[in-house]
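Asker: Just passing along the structure, written as structure tokens.
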Amino acid sequence: MELPTPARTPTDPLAFTIVVEVDLRFEDLAPHRRIDLIHTVRRDNAHVDESPLGNALVYFDSEHTDWAKAGLLALDVAKTVDRAWPVAGVEVCRSDLWLDEPFFDHELDGLGDLPEWSAQADPRRCSTVIVEVEPESGTTRHLRDDRLTKVLNDPRNVRLSRSAAGRPQVILETRESPVTAGLSIAKPSITLDQDRTITRVRSVRADIYRAEVALYDDVIDVDAAQPRLPEWRYVTDDGDRTVVVTDLRVRLEGWSIIHTSVDGITDTSDFGFGAVWRDDDGNLNSVCDGDILDAWEAPIPQGSNLDAFVVDGTRLDVDPWDAMTEWLAESMYDQPLGFLIELGPQDYDESDDTPVVCAQVVFLSDGVLMLRLSKQVLERLSFADYSSDGLALDTWHYDGYFDDCTDGYLFTRDIRLVAQTCTSWFRDKAGFGTADALGCSYRTADELPRSS
């Protein structure tokens, strides 16, 4: 008989996700700059992503620790990043919560009453700090919800709010930078955590915070009138394939997708509510690998391309380059050792000796991919083995190690980084006018005829 998993006690260690936001547009960062940002935090498990307003985020899971140690680590990392990048925010979040709610939702009814000085000050020179705790329970005796502001040094600058999930939030306006403001809230947060369980703490530049509040309020109030294209992914297994949206702030009742098959046949599919899983590397799947997530799903046939989302007769076209990125990421998921993907012009003629822009992805051991970029034909390498041991991950190499590789190579476990880099390479560097001009071929590693 399987025994039930014991509940976590207050003394059990927690895992925390640490996030640093920089004041640079994610989409404007070239792939090598995103890797530079990852290197700044000096963590092998770091990733980059996009904030609700489009800024670049770098985040990683810390070791199992406690709030005090996680907070100090976050501030130390933020100060390190701040030496080379314009830091706009820093956050510590309980990792189990980060998986389901990667972005804060603040002040759902709009921005609350600001202190007079804060309303008049330049918000770009101020910060907003948010401390979120678990809801009040029947055993809460000392620090009930209406007394949460008493923990902070200056309650005149504090207001209370509540997340969509019902967790109380203490919001503090300060005249300091995000890193300094985060440091100033450290001691009160430790005191607060002794009576209430903290779920996340965030210090962010005040103008960014206020823009996020306005954005969230806009999504709630006018999403139906002004629909936006949601962030989406392809998820596939041996039998089924779906277009998935995991951002539950977007309500997709009544939405559908338009897709086109390889034979040019166009069809539609409706969204329904379901679930997917997210593995340790952040990849979505439908094979129960990782943590389960609620999601909107629409079926799409194998080999078909997503053309558009449709709601109330309004068609929201999908950028073909975005669709190519998602298709590449889908194609790279769970491939066998030695699997090879080659990308280049669809009309490439092997008998033509003229230079050709191309990319090559090889699947090594332990989930590591090798990406090579070149302005000449890339040879199919003959490997002594496919081991990833001893390889420098998430670093662009321009050392000329491969004679046929003119623009560097990369080892990484980040599938989406590889997919985004390939898209950027052909669209921005090679000047391909359309994703339709791109061709792709696959090859699996040869196996010997073993008898057992």
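Each chain in the structure tokens gets a letter, A, B and so on, in the order shown; residues start at 1 in every chain, and ligands are counted from 1 in the order they appear.
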Quick one: residues within 10 Å of A:Phe411, only C-alpha atoms counted, chain neighbours fewer than 6 positions away excluded, as a list of chain:residue names?
Answerer: A:Val361, A:Val362, A:Phe363, A:Leu364, A:Val368, A:Leu369, A:Met370, A:Leu371, A:Arg372, A:Ser388, A:Leu391, A:Ala392, A:Leu393, A:Asp394, A:Thr395, A:Trp396, A:His397, A:Val418
Asker: Produce a file of the selected residues containing N, CA, C and O atoms, as a PDB file, in the first residue's frame.
Answerer:
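Once everything was written out, this is part_7.pdb:
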ATOM      1  N   VAL A 361      21.738  21.666 -35.214  1.00  0.00           N
ATOM      2  CA  VAL A 361      21.521  21.318 -33.810  1.00  0.00           C
ATOM      3  C   VAL A 361      21.763  19.830 -33.636  1.00  0.00           C
ATOM      4  O   VAL A 361      21.179  19.008 -34.358  1.00  0.00           O
ATOM      5  N   VAL A 362      22.625  19.472 -32.676  1.00  0.00           N
ATOM      6  CA  VAL A 362      22.929  18.074 -32.373  1.00  0.00           C
ATOM      7  C   VAL A 362      22.577  17.813 -30.914  1.00  0.00           C
ATOM      8  O   VAL A 362      22.888  18.624 -30.028  1.00  0.00           O
ATOM      9  N   PHE A 363      21.951  16.665 -30.653  1.00  0.00           N
ATOM     10  CA  PHE A 363      21.489  16.320 -29.309  1.00  0.00           C
ATOM     11  C   PHE A 363      22.525  15.432 -28.623  1.00  0.00           C
ATOM     12  O   PHE A 363      22.810  14.318 -29.073  1.00  0.00           O
ATOM     13  N   LEU A 364      23.084  15.972 -27.527  1.00  0.00           N
ATOM     14  CA  LEU A 364      24.099  15.279 -26.757  1.00  0.00           C
ATOM     15  C   LEU A 364      23.475  14.650 -25.513  1.00  0.00           C
ATOM     16  O   LEU A 364      22.255  14.679 -25.332  1.00  0.00           O
ATOM     17  N   VAL A 368      21.653  18.062 -23.203  1.00  0.00           N
ATOM     18  CA  VAL A 368      22.429  19.173 -23.761  1.00  0.00           C
ATOM     19  C   VAL A 368      22.309  19.183 -25.284  1.00  0.00           C
ATOM     20  O   VAL A 368      22.387  18.134 -25.932  1.00  0.00           O
ATOM     21  N   LEU A 369      22.106  20.367 -25.843  1.00  0.00           N
ATOM     22  CA  LEU A 369      22.071  20.556 -27.288  1.00  0.00           C
ATOM     23  C   LEU A 369      23.297  21.350 -27.718  1.00  0.00           C
ATOM     24  O   LEU A 369      23.732  22.261 -27.004  1.00  0.00           O
ATOM     25  N   MET A 370      23.831  21.023 -28.878  1.00  0.00           N
ATOM     26  CA  MET A 370      24.892  21.824 -29.483  1.00  0.00           C
ATOM     27  C   MET A 370      24.314  22.537 -30.700  1.00  0.00           C
ATOM     28  O   MET A 370      23.793  21.898 -31.620  1.00  0.00           O
ATOM     29  N   LEU A 371      24.381  23.865 -30.690  1.00  0.00           N
ATOM     30  CA  LEU A 371      23.924  24.679 -31.807  1.00  0.00           C
ATOM     31  C   LEU A 371      25.143  25.283 -32.503  1.00  0.00           C
ATOM     32  O   LEU A 371      26.005  25.882 -31.851  1.00  0.00           O
ATOM     33  N   ARG A 372      25.190  25.141 -33.846  1.00  0.00           N
ATOM     34  CA  ARG A 372      26.270  25.752 -34.635  1.00  0.00           C
ATOM     35  C   ARG A 372      25.647  26.655 -35.702  1.00  0.00           C
ATOM     36  O   ARG A 372      24.667  26.274 -36.348  1.00  0.00           O
ATOM     37  N   SER A 388      28.154  14.938 -22.835  1.00  0.00           N
ATOM     38  CA  SER A 388      28.215  16.382 -22.593  1.00  0.00           C
ATOM     39  C   SER A 388      29.116  16.732 -21.413  1.00  0.00           C
ATOM     40  O   SER A 388      29.209  17.897 -21.026  1.00  0.00           O
ATOM     41  N   LEU A 391      31.683  20.070 -20.973  1.00  0.00           N
ATOM     42  CA  LEU A 391      31.374  21.144 -21.915  1.00  0.00           C
ATOM     43  C   LEU A 391      30.963  22.408 -21.168  1.00  0.00           C
ATOM     44  O   LEU A 391      30.254  22.337 -20.153  1.00  0.00           O
ATOM     45  N   ALA A 392      31.390  23.557 -21.648  1.00  0.00           N
ATOM     46  CA  ALA A 392      31.012  24.846 -21.051  1.00  0.00           C
ATOM     47  C   ALA A 392      29.633  25.238 -21.578  1.00  0.00           C
ATOM     48  O   ALA A 392      29.484  25.574 -22.764  1.00  0.00           O
ATOM     49  N   LEU A 393      28.637  25.178 -20.708  1.00  0.00           N
ATOM     50  CA  LEU A 393      27.254  25.429 -21.119  1.00  0.00           C
ATOM     51  C   LEU A 393      26.949  26.925 -21.141  1.00  0.00           C
ATOM     52  O   LEU A 393      27.533  27.713 -20.402  1.00  0.00           O
ATOM     53  N   ASP A 394      25.989  27.295 -22.017  1.00  0.00           N
ATOM     54  CA  ASP A 394      25.446  28.655 -22.095  1.00  0.00           C
ATOM     55  C   ASP A 394      26.528  29.708 -22.322  1.00  0.00           C
ATOM     56  O   ASP A 394      26.481  30.804 -21.768  1.00  0.00           O
ATOM     57  N   THR A 395      27.499  29.357 -23.134  1.00  0.00           N
ATOM     58  CA  THR A 395      28.569  30.279 -23.510  1.00  0.00           C
ATOM     59  C   THR A 395      28.772  30.213 -25.017  1.00  0.00           C
ATOM     60  O   THR A 395      28.939  29.122 -25.575  1.00  0.00           O
ATOM     61  N   TRP A 396      28.755  31.373 -25.681  1.00  0.00           N
ATOM     62  CA  TRP A 396      29.044  31.389 -27.114  1.00  0.00           C
ATOM     63  C   TRP A 396      30.539  31.207 -27.319  1.00  0.00           C
ATOM     64  O   TRP A 396      31.353  31.902 -26.698  1.00  0.00           O
ATOM     65  N   HIS A 397      30.885  30.282 -28.198  1.00  0.00           N
ATOM     66  CA  HIS A 397      32.281  30.008 -28.499  1.00  0.00           C
ATOM     67  C   HIS A 397      32.598  30.501 -29.907  1.00  0.00           C
ATOM     68  O   HIS A 397      31.921  30.129 -30.874  1.00  0.00           O
ATOM     69  N   VAL A 418      17.670  27.869 -27.915  1.00  0.00           N
ATOM     70  CA  VAL A 418      18.141  27.387 -29.217  1.00  0.00           C
ATOM     71  C   VAL A 418      17.143  27.768 -30.310  1.00  0.00           C
ATOM     72  O   VAL A 418      17.529  28.262 -31.378  1.00  0.00           O
TER      73      VAL A 418
END
Asker: Please identify every residue of stretch 13-90 of chain A that has at least one atom no farther than 12 Å from an atom of stretch 267-291 of chain A, counting only C-alpha atoms, and for each give the shortest atom pair and the distance in Å to one decimal, arranged by chain then increasing number, as a tab-separated table.
Answerer:
residue	atom	partner	partner_atom	distance
A:Asp44	CA	A:Asp281	CA	11.8
A:Asn45	CA	A:Asp281	CA	8.7
A:Ala46	CA	A:Asp281	CA	10.1
A:His47	CA	A:Asp281	CA	9.2
A:Val48	CA	A:Gly282	CA	11.2
A:Asp49	CA	A:Gly282	CA	11.0
A:Tyr59	CA	A:Gly282	CA	11.9
A:Phe60	CA	A:Asp281	CA	10.9
A:Asp61	CA	A:Asp280	CA	10.4
Asker: Please write the residues from the selection above to a file, keeping all heavy atoms, as a tab-separated table (two decimals), in the first residue's frame.
Answerer:
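File written: selection-v6.tsv
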chain	number	residue	atom	x	y	z
A	44	ASP	N	24.22	27.79	-12.81
A	44	ASP	CA	24.07	26.91	-13.96
A	44	ASP	C	22.62	26.71	-14.36
A	44	ASP	O	22.32	26.40	-15.51
A	44	ASP	CB	24.70	25.53	-13.65
A	44	ASP	CG	26.21	25.61	-13.52
A	44	ASP	OD1	26.80	26.57	-14.07
A	44	ASP	OD2	26.78	24.72	-12.88
A	45	ASN	N	21.68	26.89	-13.40
A	45	ASN	CA	20.27	26.64	-13.69
A	45	ASN	C	19.49	27.92	-14.00
A	45	ASN	O	18.26	27.94	-13.91
A	45	ASN	CB	19.61	25.91	-12.52
A	45	ASN	CG	19.63	26.73	-11.22
A	45	ASN	OD1	20.44	27.65	-11.09
A	45	ASN	ND2	18.77	26.39	-10.28
A	46	ALA	N	20.20	28.98	-14.37
A	46	ALA	CA	19.53	30.25	-14.66
A	46	ALA	C	18.90	30.24	-16.05
A	46	ALA	O	19.38	29.58	-16.98
A	46	ALA	CB	20.50	31.41	-14.53
A	47	HIS	N	17.80	31.00	-16.18
A	47	HIS	CA	17.09	31.14	-17.46
A	47	HIS	C	16.72	32.61	-17.64
A	47	HIS	O	16.69	33.38	-16.68
A	47	HIS	CB	15.83	30.28	-17.49
A	47	HIS	CG	16.07	28.83	-17.28
A	47	HIS	ND1	16.40	27.97	-18.30
A	47	HIS	CD2	16.04	28.07	-16.15
A	47	HIS	CE1	16.55	26.75	-17.82
A	47	HIS	NE2	16.34	26.79	-16.52
A	48	VAL	N	16.41	32.98	-18.88
A	48	VAL	CA	15.89	34.31	-19.14
A	48	VAL	C	14.45	34.19	-19.64
A	48	VAL	O	14.07	33.20	-20.25
A	48	VAL	CB	16.74	35.08	-20.18
A	48	VAL	CG1	18.10	35.42	-19.63
A	48	VAL	CG2	16.88	34.28	-21.47
A	49	ASP	N	13.65	35.22	-19.35
A	49	ASP	CA	12.26	35.23	-19.77
A	49	ASP	C	11.84	36.68	-19.93
A	49	ASP	O	12.65	37.60	-19.79
A	49	ASP	CB	11.38	34.51	-18.74
A	49	ASP	CG	10.11	33.94	-19.36
A	49	ASP	OD1	9.70	34.44	-20.43
A	49	ASP	OD2	9.53	33.02	-18.77
A	59	TYR	N	16.24	34.37	-13.99
A	59	TYR	CA	15.75	33.73	-12.76
A	59	TYR	C	16.39	32.36	-12.60
A	59	TYR	O	16.85	31.75	-13.56
A	59	TYR	CB	14.22	33.60	-12.79
A	59	TYR	CG	13.68	32.65	-13.84
A	59	TYR	CD1	13.41	31.33	-13.54
A	59	TYR	CD2	13.45	33.08	-15.15
A	59	TYR	CE1	12.92	30.46	-14.49
A	59	TYR	CE2	12.96	32.23	-16.11
A	59	TYR	CZ	12.69	30.91	-15.78
A	59	TYR	OH	12.23	30.05	-16.73
A	60	PHE	N	16.42	31.89	-11.36
A	60	PHE	CA	16.96	30.56	-11.06
A	60	PHE	C	16.38	30.09	-9.74
A	60	PHE	O	15.91	30.89	-8.91
A	60	PHE	CB	18.49	30.59	-11.00
A	60	PHE	CG	19.05	31.45	-9.88
A	60	PHE	CD1	19.34	30.92	-8.64
A	60	PHE	CD2	19.27	32.81	-10.09
A	60	PHE	CE1	19.84	31.71	-7.61
A	60	PHE	CE2	19.77	33.61	-9.09
A	60	PHE	CZ	20.06	33.06	-7.84
A	61	ASP	N	16.39	28.78	-9.53
A	61	ASP	CA	15.96	28.20	-8.27
A	61	ASP	C	17.15	28.09	-7.34
A	61	ASP	O	18.21	27.58	-7.73
A	61	ASP	CB	15.35	26.81	-8.49
A	61	ASP	CG	14.01	26.89	-9.20
A	61	ASP	OD1	13.36	27.94	-9.11
A	61	ASP	OD2	13.62	25.90	-9.84
Asker: Which residue gives the smallest distance to A:Arg202 among A:Ala308, A:Val22, A:Leu57, A:Val92, with only C-alpha atoms counted?
Answerer: A:Val92
Asker: Contacts of A:Glu21 at 9 Å or less, counting only C-alpha atoms, minus same-chain residues fewer than 3 places along, as a list in words?
Answerer: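 Contacts, in chain order: Leu24, Glu50, Ser51, Asn55, Ala56, Leu57, Val58, Tyr59, Ala78, Pro86, Val87, Ala88, Gly89, Val90, Glu91 and Val204 of chain A.
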Asker: For A:Thr17, work out the shell of residues within 10 Å, counting only C-alpha atoms and skipping chain neighbours fewer than 6 positions away, then give it as a ChimeraX atom specification.
Answerer: /A:59-63,70,74,91-99,102,200
Asker: With all heavy atoms retained, could you export that selection as a compact mmCIF listing (two decimals), in the first residue's frame?
Answerer:
# COMPACT_ATOMS: atom_id res chain seq x y z
N TYR A 59 16.24 34.37 -13.99
CA TYR A 59 15.75 33.73 -12.76
C TYR A 59 16.39 32.36 -12.60
O TYR A 59 16.85 31.75 -13.56
CB TYR A 59 14.22 33.60 -12.79
CG TYR A 59 13.68 32.65 -13.84
CD1 TYR A 59 13.41 31.33 -13.54
CD2 TYR A 59 13.45 33.08 -15.15
CE1 TYR A 59 12.92 30.46 -14.49
CE2 TYR A 59 12.96 32.23 -16.11
CZ TYR A 59 12.69 30.91 -15.78
OH TYR A 59 12.23 30.05 -16.73
N PHE A 60 16.42 31.89 -11.36
CA PHE A 60 16.96 30.56 -11.06
C PHE A 60 16.38 30.09 -9.74
O PHE A 60 15.91 30.89 -8.91
CB PHE A 60 18.49 30.59 -11.00
CG PHE A 60 19.05 31.45 -9.88
CD1 PHE A 60 19.34 30.92 -8.64
CD2 PHE A 60 19.27 32.81 -10.09
CE1 PHE A 60 19.84 31.71 -7.61
CE2 PHE A 60 19.77 33.61 -9.09
CZ PHE A 60 20.06 33.06 -7.84
N ASP A 61 16.39 28.78 -9.53
CA ASP A 61 15.96 28.20 -8.27
C ASP A 61 17.15 28.09 -7.34
O ASP A 61 18.21 27.58 -7.73
CB ASP A 61 15.35 26.81 -8.49
CG ASP A 61 14.01 26.89 -9.20
OD1 ASP A 61 13.36 27.94 -9.11
OD2 ASP A 61 13.62 25.90 -9.84
N SER A 62 16.96 28.57 -6.11
CA SER A 62 18.03 28.48 -5.12
C SER A 62 18.01 27.12 -4.45
O SER A 62 17.07 26.33 -4.60
CB SER A 62 17.87 29.58 -4.08
OG SER A 62 16.77 29.27 -3.21
N GLU A 63 19.04 26.85 -3.68
CA GLU A 63 19.07 25.64 -2.88
C GLU A 63 17.97 25.71 -1.82
O GLU A 63 17.48 26.78 -1.48
CB GLU A 63 20.43 25.49 -2.18
CG GLU A 63 21.63 25.45 -3.11
CD GLU A 63 22.05 26.83 -3.61
OE1 GLU A 63 21.52 27.83 -3.08
OE2 GLU A 63 22.86 26.89 -4.53
N ALA A 70 17.47 33.09 1.54
CA ALA A 70 17.05 33.32 0.15
C ALA A 70 17.02 34.81 -0.17
O ALA A 70 17.43 35.24 -1.25
CB ALA A 70 15.68 32.69 -0.09
N ALA A 74 19.24 36.75 -2.93
CA ALA A 74 18.61 37.54 -3.99
C ALA A 74 19.24 38.93 -4.07
O ALA A 74 19.53 39.43 -5.17
CB ALA A 74 17.12 37.65 -3.75
N GLU A 91 13.12 39.85 -6.97
CA GLU A 91 12.02 39.14 -6.33
C GLU A 91 12.51 37.81 -5.78
O GLU A 91 13.37 37.15 -6.37
CB GLU A 91 10.89 38.89 -7.34
CG GLU A 91 9.72 38.10 -6.78
CD GLU A 91 8.61 37.88 -7.80
OE1 GLU A 91 8.62 38.56 -8.86
OE2 GLU A 91 7.75 37.04 -7.55
N VAL A 92 11.93 37.40 -4.65
CA VAL A 92 12.10 36.06 -4.11
C VAL A 92 10.71 35.46 -3.98
O VAL A 92 9.81 36.06 -3.39
CB VAL A 92 12.78 36.07 -2.72
CG1 VAL A 92 13.04 34.64 -2.26
CG2 VAL A 92 14.07 36.86 -2.75
N CYS A 93 10.53 34.27 -4.55
CA CYS A 93 9.22 33.64 -4.53
C CYS A 93 9.37 32.17 -4.18
O CYS A 93 10.33 31.52 -4.60
CB CYS A 93 8.56 33.77 -5.91
SG CYS A 93 6.93 32.99 -6.05
N ARG A 94 8.45 31.66 -3.41
CA ARG A 94 8.44 30.23 -3.12
C ARG A 94 8.31 29.47 -4.45
O ARG A 94 7.43 29.76 -5.25
CB ARG A 94 7.28 29.89 -2.20
CG ARG A 94 7.56 28.79 -1.20
CD ARG A 94 6.43 28.66 -0.22
NE ARG A 94 5.17 28.37 -0.90
CZ ARG A 94 3.96 28.58 -0.37
NH1 ARG A 94 3.87 29.11 0.83
NH2 ARG A 94 2.88 28.28 -1.04
N SER A 95 9.19 28.50 -4.71
CA SER A 95 9.28 27.90 -6.03
C SER A 95 8.01 27.18 -6.46
O SER A 95 7.64 27.19 -7.63
CB SER A 95 10.47 26.92 -6.09
OG SER A 95 11.69 27.63 -6.00
N ASP A 96 7.32 26.54 -5.51
CA ASP A 96 6.08 25.85 -5.90
C ASP A 96 5.04 26.86 -6.39
O ASP A 96 4.24 26.56 -7.29
CB ASP A 96 5.54 25.04 -4.73
CG ASP A 96 5.18 25.92 -3.53
OD1 ASP A 96 5.97 26.82 -3.21
OD2 ASP A 96 4.12 25.70 -2.93
N LEU A 97 5.06 28.07 -5.83
CA LEU A 97 4.13 29.10 -6.27
C LEU A 97 4.56 29.70 -7.60
O LEU A 97 3.72 29.99 -8.47
CB LEU A 97 4.06 30.21 -5.21
CG LEU A 97 3.10 31.37 -5.47
CD1 LEU A 97 1.67 30.87 -5.60
CD2 LEU A 97 3.20 32.40 -4.36
N TRP A 98 5.86 29.88 -7.78
CA TRP A 98 6.38 30.46 -9.03
C TRP A 98 5.97 29.62 -10.24
O TRP A 98 5.67 30.14 -11.31
CB TRP A 98 7.89 30.58 -8.94
CG TRP A 98 8.56 30.94 -10.24
CD1 TRP A 98 9.13 30.09 -11.13
CD2 TRP A 98 8.72 32.25 -10.79
NE1 TRP A 98 9.64 30.78 -12.19
CE2 TRP A 98 9.39 32.12 -12.02
CE3 TRP A 98 8.34 33.53 -10.36
CZ2 TRP A 98 9.71 33.19 -12.81
CZ3 TRP A 98 8.67 34.61 -11.16
CH2 TRP A 98 9.34 34.44 -12.36
N LEU A 99 5.93 28.28 -10.08
CA LEU A 99 5.57 27.41 -11.19
C LEU A 99 4.16 27.71 -11.69
O LEU A 99 3.88 27.63 -12.88
CB LEU A 99 5.67 25.95 -10.77
CG LEU A 99 7.10 25.41 -10.57
CD1 LEU A 99 7.06 24.02 -9.97
CD2 LEU A 99 7.85 25.40 -11.88
N PRO A 102 3.90 32.77 -12.20
CA PRO A 102 5.22 33.38 -12.38
C PRO A 102 5.22 34.88 -12.25
O PRO A 102 6.28 35.47 -12.03
CB PRO A 102 5.61 32.94 -13.80
CG PRO A 102 4.32 32.63 -14.46
CD PRO A 102 3.43 32.09 -13.40
N ARG A 200 5.99 35.46 -1.21
CA ARG A 200 6.93 36.12 -2.11
C ARG A 200 7.16 37.56 -1.68
O ARG A 200 6.31 38.18 -1.05
CB ARG A 200 6.44 36.07 -3.56
CG ARG A 200 5.12 36.73 -3.82
CD ARG A 200 4.40 36.16 -5.04
NE ARG A 200 5.18 36.19 -6.27
CZ ARG A 200 4.80 35.55 -7.39
NH1 ARG A 200 3.67 34.87 -7.43
NH2 ARG A 200 5.56 35.62 -8.48
Asker: Hey, could you make a per-residue contact list for stretch 195-279 of chain A against stretch 126-131 of chain A with 10 Å as the cut-off, showing the nearest pair of atoms and its distance in Å to one decimal, counting only C-alpha atoms, sorted by chain and number, as CSV?
Answerer:
residue,atom,partner,partner_atom,distance
A:Ile198,CA,A:Val131,CA,7.2
A:Thr199,CA,A:Val131,CA,7.9
A:Arg200,CA,A:Val131,CA,6.1
A:Val201,CA,A:Val131,CA,4.5
A:Arg202,CA,A:Ile130,CA,5.2
A:Ser203,CA,A:Val129,CA,4.3
A:Val204,CA,A:Ser127,CA,5.5
A:Arg205,CA,A:Ser127,CA,4.2
A:Ala206,CA,A:Ser127,CA,4.4
A:Asp207,CA,A:Cys126,CA,7.9
A:Ile208,CA,A:Ser127,CA,8.9
A:Tyr209,CA,A:Thr128,CA,6.8
A:Arg210,CA,A:Thr128,CA,8.9
Asker: Can you write out the residues you just picked, keeping C-alpha atoms, as a PDB file, in the first residue's frame?
Answerer:
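Below you can see again.pdb, which holds the result:
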ATOM      1  CA  ILE A 198       5.515  34.718   3.365  1.00  0.00           C
ATOM      2  CA  THR A 199       4.944  33.497  -0.191  1.00  0.00           C
ATOM      3  CA  ARG A 200       6.932  36.121  -2.109  1.00  0.00           C
ATOM      4  CA  VAL A 201       8.696  39.462  -1.764  1.00  0.00           C
ATOM      5  CA  ARG A 202       9.316  41.824  -4.662  1.00  0.00           C
ATOM      6  CA  SER A 203      11.044  45.201  -4.945  1.00  0.00           C
ATOM      7  CA  VAL A 204      10.521  46.929  -8.290  1.00  0.00           C
ATOM      8  CA  ARG A 205      10.865  50.400  -9.735  1.00  0.00           C
ATOM      9  CA  ALA A 206       7.671  52.321  -9.023  1.00  0.00           C
ATOM     10  CA  ASP A 207       6.889  53.304 -12.617  1.00  0.00           C
ATOM     11  CA  ILE A 208       7.072  49.660 -13.695  1.00  0.00           C
ATOM     12  CA  TYR A 209       4.833  48.565 -10.840  1.00  0.00           C
ATOM     13  CA  ARG A 210       2.191  51.168 -11.671  1.00  0.00           C
TER      14      ARG A 210
END
Asker: Looking at A:Pro115, A:Gly433, A:Gly254, A:Pro135, which one is nearest to A:Arg159, with distances taken over only C-alpha atoms?
Answerer: A:Pro115
Asker: Could you tell me how far atom CA of A:Asp105 sits from atom CA of A:Asp195, in Å to one decimal place?
Answerer: 23.3 Å
Asker: Ranking A:Arg233, A:Arg125, A:Arg380, A:Lys429 by minimum distance to A:Pro299 and counting only C-alpha atoms, which one comes first?
Answerer: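 The closest residue to A:Pro299 is A:Arg233.
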Asker: Listing only residues of stretch 355-443 of chain A within 8 Å of stretch 315-329 of chain A, what is the closest atom pair and its distance in Å (to one decimal) for each, using only C-alpha atoms, sorted by chain and residue number ascending, as CSV?
Answerer:
residue,atom,partner,partner_atom,distance
A:Ile415,CA,A:Ala329,CA,5.9
A:Arg416,CA,A:Ala329,CA,5.6
A:Val418,CA,A:Ala329,CA,7.8
A:Ala419,CA,A:Thr325,CA,5.3
A:Gln420,CA,A:Thr325,CA,5.8
A:Cys422,CA,A:Thr325,CA,7.9
A:Thr423,CA,A:Thr325,CA,6.1
A:Arg427,CA,A:Trp321,CA,7.9
A:Thr434,CA,A:Trp321,CA,7.6
A:Ala435,CA,A:Trp321,CA,5.8
Asker: Name the residues of stretch 291-441 of chain A that come out as alpha helix (DSSP H) in a backbone DSSP run; write them as a ChimeraX atom specification.
Answerer: /A:320-332,415-424
Asker: Which residues are near A:Gly71? Cut-off 9 Å, only C-alpha atoms, ignore same chain within fewer than 4 positions. Put them as a VMD selection string.
Answerer: chain A and resid 18 66 to 67 75 to 76 91 to 92 182 to 183 186 201
Asker: For each of A:Leu410, A:Val310, A:Cys358, A:Ala181, take the minimum atom-to-atom distance to A:Cys440, counting only C-alpha atoms, then give the residue where this is smallest.
Answerer: A:Cys358
